[in-house]
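Colleague: If it helps, the file is called target12.pdb and holds PDB, C-alpha atoms:
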```pdb
ATOM      1  CA  MET A   1       0.000   0.000   0.000
ATOM      2  CA  SER A   2       1.422   3.403  -0.977
ATOM      3  CA  ALA A   3       1.694   6.366   1.374
ATOM      4  CA  ARG A   4      -0.824   8.114  -0.847
ATOM      5  CA  THR A   5      -3.406   5.371  -0.417
ATOM      6  CA  ALA A   6      -3.094   5.344   3.371
ATOM      7  CA  LEU A   7      -2.494   9.087   3.821
ATOM      8  CA  ASP A   8      -3.278  10.288   7.354
ATOM      9  CA  LEU A   9      -2.896  14.066   7.524
ATOM     10  CA  SER A  10      -4.137  14.527  11.067
ATOM     11  CA  THR A  11      -0.884  15.364  12.850
ATOM     12  CA  TYR A  12       1.671  17.099  10.705
ATOM     13  CA  LEU A  13       5.127  18.505  11.502
ATOM     14  CA  VAL A  14       6.909  21.070   9.337
ATOM     15  CA  THR A  15      10.575  21.233  10.247
ATOM     16  CA  ASP A  16      12.634  24.335  10.954
ATOM     17  CA  ALA A  17      16.354  23.827  11.446
ATOM     18  CA  ALA A  18      16.843  27.088  13.354
ATOM     19  CA  LEU A  19      14.034  26.324  15.786
ATOM     20  CA  CYS A  20      15.253  22.757  16.343
ATOM     21  CA  GLY A  21      18.583  24.235  17.395
ATOM     22  CA  GLU A  22      21.508  22.138  18.548
ATOM     23  CA  ARG A  23      19.309  19.053  18.938
ATOM     24  CA  GLY A  24      19.084  18.883  15.173
ATOM     25  CA  VAL A  25      16.135  18.246  12.885
ATOM     26  CA  ALA A  26      16.478  14.447  12.870
ATOM     27  CA  SER A  27      16.353  14.259  16.675
ATOM     28  CA  VAL A  28      13.217  16.398  16.846
ATOM     29  CA  VAL A  29      11.568  14.413  14.044
ATOM     30  CA  ALA A  30      12.330  11.090  15.743
ATOM     31  CA  ALA A  31      10.776  12.337  18.984
ATOM     32  CA  ALA A  32       7.741  13.802  17.208
ATOM     33  CA  VAL A  33       7.043  10.574  15.331
ATOM     34  CA  ASP A  34       7.397   8.665  18.612
ATOM     35  CA  GLY A  35       4.702  11.023  19.920
ATOM     36  CA  GLY A  36       2.314  10.269  17.077
ATOM     37  CA  VAL A  37       3.060  12.690  14.223
ATOM     38  CA  ARG A  38       1.860  11.150  10.968
ATOM     39  CA  VAL A  39       3.370  13.497   8.369
ATOM     40  CA  VAL A  40       6.814  15.119   8.368
ATOM     41  CA  GLN A  41       7.616  17.849   5.871
ATOM     42  CA  LEU A  42      11.250  18.844   5.510
ATOM     43  CA  ARG A  43      11.292  22.596   4.944
ATOM     44  CA  ASP A  44      14.676  24.215   4.442
ATOM     45  CA  LYS A  45      15.151  27.131   2.076
ATOM     46  CA  VAL A  46      18.891  27.621   2.506
ATOM     47  CA  ASP A  47      20.901  24.407   2.890
ATOM     48  CA  SER A  48      22.640  22.711  -0.016
ATOM     49  CA  THR A  49      21.180  19.819  -1.960
ATOM     50  CA  SER A  50      23.914  17.460  -0.771
ATOM     51  CA  ASN A  51      23.312  18.336   2.875
ATOM     52  CA  LEU A  52      19.562  17.998   2.493
ATOM     53  CA  LEU A  53      19.944  14.578   0.863
ATOM     54  CA  ARG A  54      21.969  13.458   3.884
ATOM     55  CA  LEU A  55      19.314  14.904   6.186
ATOM     56  CA  LEU A  56      16.555  13.094   4.308
ATOM     57  CA  GLU A  57      18.458   9.866   4.832
ATOM     58  CA  GLU A  58      18.603  10.606   8.571
ATOM     59  CA  LEU A  59      14.894  11.451   8.637
ATOM     60  CA  ALA A  60      13.958   8.280   6.766
ATOM     61  CA  THR A  61      15.889   6.249   9.338
ATOM     62  CA  ALA A  62      14.286   8.111  12.246
ATOM     63  CA  ILE A  63      10.784   7.750  10.812
ATOM     64  CA  ASP A  64      11.253   4.088   9.841
ATOM     65  CA  GLY A  65       8.004   3.922   7.905
ATOM     66  CA  ARG A  66       5.860   5.292  10.738
ATOM     67  CA  ALA A  67       5.035   8.604   9.043
ATOM     68  CA  VAL A  68       4.867  10.103   5.576
ATOM     69  CA  LEU A  69       8.006  12.018   4.573
ATOM     70  CA  LEU A  70       7.565  15.015   2.256
ATOM     71  CA  VAL A  71       9.890  17.670   0.844
ATOM     72  CA  ASN A  72       8.806  21.301   0.827
ATOM     73  CA  ASP A  73       9.130  23.162  -2.490
ATOM     74  CA  ARG A  74      12.120  21.231  -3.843
ATOM     75  CA  LEU A  75      10.731  18.840  -6.438
ATOM     76  CA  ASP A  76      14.289  18.332  -7.685
ATOM     77  CA  LEU A  77      15.370  17.236  -4.214
ATOM     78  CA  ALA A  78      12.469  14.797  -3.882
ATOM     79  CA  ILE A  79      13.281  13.299  -7.282
ATOM     80  CA  ALA A  80      16.970  12.948  -6.415
ATOM     81  CA  ALA A  81      16.167  11.364  -3.061
ATOM     82  CA  ARG A  82      13.794   8.824  -4.583
ATOM     83  CA  ALA A  83      16.309   8.041  -7.344
ATOM     84  CA  SER A  84      18.885   7.222  -4.667
ATOM     85  CA  GLY A  85      16.460   4.834  -2.988
ATOM     86  CA  LEU A  86      15.337   7.006  -0.074
ATOM     87  CA  PRO A  87      11.708   6.468   0.980
ATOM     88  CA  VAL A  88      10.570  10.036   0.325
ATOM     89  CA  ASP A  89       6.827   9.958  -0.241
ATOM     90  CA  GLY A  90       6.315  13.206  -2.134
ATOM     91  CA  VAL A  91       6.313  16.979  -2.034
ATOM     92  CA  HIS A  92       4.440  19.948  -0.693
ATOM     93  CA  LEU A  93       4.449  22.843  -3.135
ATOM     94  CA  GLY A  94       3.699  26.530  -2.788
ATOM     95  CA  GLN A  95       1.844  28.500  -5.425
ATOM     96  CA  GLY A  96       5.158  29.726  -6.805
ATOM     97  CA  ASP A  97       6.934  26.359  -6.879
ATOM     98  CA  ALA A  98       7.066  23.639  -9.519
ATOM     99  CA  ALA A  99       3.614  23.102 -10.991
ATOM    100  CA  ALA A 100       1.613  20.368  -9.296
ATOM    101  CA  ALA A 101       0.991  18.672 -12.637
ATOM    102  CA  ILE A 102       4.745  18.474 -13.264
ATOM    103  CA  ALA A 103       5.279  17.028  -9.784
ATOM    104  CA  ARG A 104       2.624  14.390 -10.369
ATOM    105  CA  ASP A 105       4.121  13.479 -13.722
ATOM    106  CA  ARG A 106       7.678  13.259 -12.387
ATOM    107  CA  LEU A 107       6.885  11.477  -9.112
ATOM    108  CA  GLY A 108       4.225   9.107 -10.396
ATOM    109  CA  PRO A 109       0.775   7.996  -9.253
ATOM    110  CA  ASP A 110       1.808   6.670  -5.833
ATOM    111  CA  ALA A 111       3.469   9.876  -4.599
ATOM    112  CA  VAL A 112       1.836  12.403  -2.301
ATOM    113  CA  VAL A 113       1.482  15.910  -3.738
ATOM    114  CA  GLY A 114       0.331  18.689  -1.433
ATOM    115  CA  LEU A 115      -0.291  22.288  -2.435
ATOM    116  CA  THR A 116      -0.514  25.529  -0.498
ATOM    117  CA  ALA A 117      -3.822  27.307  -1.081
ATOM    118  CA  ASN A 118      -5.616  30.151   0.630
ATOM    119  CA  ALA A 119      -7.699  31.982  -1.960
ATOM    120  CA  SER A 120     -10.681  31.263  -4.201
ATOM    121  CA  ALA A 121      -8.453  31.677  -7.265
ATOM    122  CA  HIS A 122      -6.368  28.745  -6.050
ATOM    123  CA  LEU A 123      -9.464  26.568  -5.844
ATOM    124  CA  GLU A 124     -10.536  27.622  -9.333
ATOM    125  CA  ALA A 125      -7.131  26.611 -10.679
ATOM    126  CA  LEU A 126      -7.370  23.255  -8.927
ATOM    127  CA  ARG A 127     -10.713  22.534 -10.551
ATOM    128  CA  ARG A 128      -9.045  22.862 -13.949
ATOM    129  CA  MET A 129      -6.435  20.223 -13.086
ATOM    130  CA  PRO A 130      -6.989  16.530 -13.788
ATOM    131  CA  ARG A 131      -8.513  14.766 -10.805
ATOM    132  CA  GLY A 132      -5.804  13.201  -8.647
ATOM    133  CA  THR A 133      -3.123  15.757  -9.449
ATOM    134  CA  VAL A 134      -3.120  17.086  -5.872
ATOM    135  CA  ASP A 135      -3.880  15.064  -2.741
ATOM    136  CA  TYR A 136      -4.412  17.754  -0.113
ATOM    137  CA  LEU A 137      -4.179  21.478   0.535
ATOM    138  CA  GLY A 138      -2.114  23.281   3.137
ATOM    139  CA  VAL A 139      -4.330  26.197   4.140
ATOM    140  CA  GLY A 140      -3.200  29.239   6.080
ATOM    141  CA  VAL A 141      -1.882  31.059   7.749
ATOM    142  CA  ILE A 142      -4.348  30.753  10.586
ATOM    143  CA  ARG A 143      -2.552  33.405  12.603
ATOM    144  CA  PRO A 144       0.498  35.595  11.871
ATOM    145  CA  THR A 145       3.703  33.615  12.349
ATOM    146  CA  SER A 146       7.405  34.424  12.321
ATOM    147  CA  THR A 147       8.258  31.070  10.688
ATOM    148  CA  LYS A 148       6.820  32.375   7.395
ATOM    149  CA  PRO A 149       7.485  36.118   7.342
ATOM    150  CA  ASP A 150       6.027  36.598   3.826
ATOM    151  CA  HIS A 151       2.729  34.926   4.656
ATOM    152  CA  PRO A 152      -0.616  36.152   3.247
ATOM    153  CA  PRO A 153      -3.239  37.756   5.504
ATOM    154  CA  ALA A 154      -4.246  35.431   8.333
ATOM    155  CA  LEU A 155      -7.474  33.508   7.809
ATOM    156  CA  GLY A 156      -8.358  32.805  11.418
ATOM    157  CA  ILE A 157     -10.368  29.715  12.262
ATOM    158  CA  ASP A 158     -13.583  31.092  10.762
ATOM    159  CA  GLY A 159     -11.823  31.961   7.516
ATOM    160  CA  PHE A 160     -10.292  28.491   7.422
ATOM    161  CA  ALA A 161     -13.740  26.936   7.907
ATOM    162  CA  ARG A 162     -15.160  28.893   4.975
ATOM    163  CA  PHE A 163     -12.250  27.920   2.735
ATOM    164  CA  ALA A 164     -12.374  24.232   3.710
ATOM    165  CA  ALA A 165     -16.102  24.118   3.019
ATOM    166  CA  GLU A 166     -15.478  25.397  -0.505
ATOM    167  CA  ALA A 167     -12.507  23.114  -1.210
ATOM    168  CA  GLU A 168     -12.918  19.681  -2.766
ATOM    169  CA  LEU A 169      -9.720  18.294  -1.206
ATOM    170  CA  PRO A 170      -8.685  17.614   2.412
ATOM    171  CA  CYS A 171      -7.381  20.785   4.045
ATOM    172  CA  VAL A 172      -4.533  20.894   6.570
ATOM    173  CA  ALA A 173      -4.455  24.045   8.689
ATOM    174  CA  ILE A 174      -1.062  25.693   9.116
ATOM    175  CA  GLY A 175       0.459  28.905  10.368
ATOM    176  CA  GLY A 176       0.620  30.230  13.904
ATOM    177  CA  ILE A 177      -1.279  27.262  15.315
ATOM    178  CA  THR A 178      -1.017  26.372  18.994
ATOM    179  CA  LEU A 179      -2.177  23.199  20.679
ATOM    180  CA  SER A 180      -5.284  24.984  21.940
ATOM    181  CA  ASP A 181      -6.361  25.461  18.297
ATOM    182  CA  VAL A 182      -6.453  21.747  17.471
ATOM    183  CA  ALA A 183     -10.030  21.004  18.548
ATOM    184  CA  PRO A 184     -11.546  24.179  17.022
ATOM    185  CA  LEU A 185      -9.768  23.518  13.734
ATOM    186  CA  ARG A 186     -10.974  19.933  13.568
ATOM    187  CA  GLU A 187     -14.496  21.174  14.243
ATOM    188  CA  ALA A 188     -13.964  23.715  11.444
ATOM    189  CA  GLY A 189     -13.323  20.913   8.949
ATOM    190  CA  ALA A 190      -9.571  20.430   9.073
ATOM    191  CA  ALA A 191      -8.253  17.093   7.880
ATOM    192  CA  GLY A 192      -5.189  17.803   9.984
ATOM    193  CA  VAL A 193      -3.154  20.468  11.732
ATOM    194  CA  ALA A 194       0.445  21.332  10.908
ATOM    195  CA  LEU A 195       2.729  22.641  13.620
ATOM    196  CA  VAL A 196       6.195  24.138  13.460
ATOM    197  CA  SER A 197       7.202  26.113  16.560
ATOM    198  CA  ALA A 198       4.973  24.220  18.977
ATOM    199  CA  ILE A 199       7.004  21.054  18.350
ATOM    200  CA  CYS A 200      10.394  22.310  17.115
ATOM    201  CA  THR A 201      10.907  24.591  20.134
ATOM    202  CA  ALA A 202       9.316  22.309  22.730
ATOM    203  CA  ASP A 203      11.513  21.144  25.601
ATOM    204  CA  ASP A 204      10.089  17.683  24.929
ATOM    205  CA  PRO A 205       9.033  17.326  21.261
ATOM    206  CA  ARG A 206       7.686  13.839  21.912
ATOM    207  CA  ALA A 207       5.367  15.118  24.637
ATOM    208  CA  ALA A 208       4.250  18.024  22.452
ATOM    209  CA  ALA A 209       3.468  15.629  19.593
ATOM    210  CA  ARG A 210       1.616  13.315  21.975
ATOM    211  CA  GLU A 211      -0.493  16.225  23.208
ATOM    212  CA  LEU A 212      -1.235  17.188  19.606
ATOM    213  CA  THR A 213      -2.335  13.626  18.874
ATOM    214  CA  ASP A 214      -4.417  13.373  22.040
ATOM    215  CA  ARG A 215      -6.178  16.678  21.374
ATOM    216  CA  TRP A 216      -6.901  15.656  17.791
ATOM    217  CA  GLU A 217      -8.395  12.336  18.908
ATOM    218  CA  ALA A 218     -10.402  13.979  21.700
ATOM    219  CA  ALA A 219     -11.998  16.321  19.165
ATOM    220  CA  ARG A 220     -13.327  13.409  17.090
TER     221      ARG A 220
END
```
The structure in this file should be written as structure tokens.
Modeller:
Amino acid sequence: MSARTALDLSTYLVTDAALCGERGVASVVAAAVDGGVRVVQLRDKVDSTSNLLRLLEELATAIDGRAVLLVNDRLDLAIAARASGLPVDGVHLGQGDAAAAIARDRLGPDAVVGLTANASAHLEALRRMPRGTVDYLGVGVIRPTSTKPDHPPALGIDGFARFAAEAELPCVAIGGITLSDVAPLREAGAAGVALVSAICTADDPRAAARELTDRWEAAR
């Protein structure tokens, strides 16, 4: 069964090397997956391809098949990783990154392709794509956040709910989310919640991920 077939978006970690600090990204990811995180997205805008390939190898070892492993923006990196045999499951693309249709074509039918979306024009563009091009949408920001300084205007939970109701794909909420937002976002129609700071800066990333998982399940 492919990662795409069994995709569980509920608890989602986006990495940030600076916020992980001296512990390192792989250590934080290992702890978060131990705590129940189901999707890990490697986001790094500055490091070299060779370093990121080594990091993906470390992440794949830490995850050990327990979570989906995605690459943010860098379709070329995902392709190179998969060509070298690393179990990278797909990509998450922004509106300005490689076109989703190109990613689907290059990665194949079993890969996971996520896309950032936050406006009606994005949904209109999606409706013109062949069905199955994109698997889910990353929707936000929910609140202003320093981890994405160039973010669009914040949607808030009510704005997210309106967008998710209009979308035809599962929507993962992201951007400025705290653990207290998990239940309201699930009630608002989120297929999952993506955290950055709340896990990457936690004294105990495993405990933070476990609380995320527990709050998500409690909001069922």
Colleague: Name every residue that the PyMOL selection byres ((chain A and resi 188) around 9) selects in this structure, writing the answer as a ChimeraX atom specification with chains first and numbers rising.
Modeller: /A:157-158,160-162,164-165,183-187,189-190
Colleague: So that I can see what lies close to A:Leu93, please list as a list in words the residues with an atom at most 7 Å from it, counting all atoms listed in the file and leaving out residues fewer than 3 positions away in the same chain.
Modeller: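 Once the nearby chain positions are removed, what remains is Asn72, Asp73, Asp97, Ala98, Gly114, Leu115 and Thr116 of chain A.
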Colleague: Once the PyMOL selection byres ((chain A and resi 142-154) around 7) has been evaluated on this model, what residues remain selected, and can you format them as number ranges by chain?
Modeller: A: 140-141, 155-157, 173-177
Colleague: Can you list what the PyMOL selection byres ((chain A and resi 54) around 12) grabs from this structure, as an MDAnalysis selection string?
Modeller: chainID A and resid 25:26 47:53 55:61 77 80:81 84 86
Colleague: So, counting only C-alpha atoms, which residue among A:Ala18, A:Leu123, A:Ala191, A:Leu9 is closest to A:Gly36?
Modeller: A:Leu9
Colleague: Identify which of the residues A:Ala99, A:Ala198, A:Met129, A:Val113 lies closest to A:Leu19, counting all atoms listed in the file when measuring atom-to-atom distances.
Modeller: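 Looking at the shortest contact to A:Leu19, the residue is A:Ala198.
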Colleague: Could you list, as a list of chain:residue names, every residue within 9 Å of A:Val88, counting all atoms listed in the file and ignoring same-chain residues fewer than 3 positions away?
Modeller: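 Final neighbour list, sorted by chain and number: A:Leu56, A:Ala60, A:Val68, A:Leu69, A:Leu70, A:Val71, A:Ala78, A:Ile79, A:Ala81, A:Arg82, A:Gly85, A:Val91, A:Ala111.
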Colleague: Please define a box with edges along x, y and z of the file around all atoms of stretch 204-216 of chain A given in the file, extend it by 3 Å on each side, and return its centre and edge lengths in Å to one decimal, as lines of an AutoDock Vina configuration file.
Modeller:
```
center_x = 1.6
center_y = 15.7
center_z = 21.4
size_x = 23.0
size_y = 10.7
size_z = 13.1
```
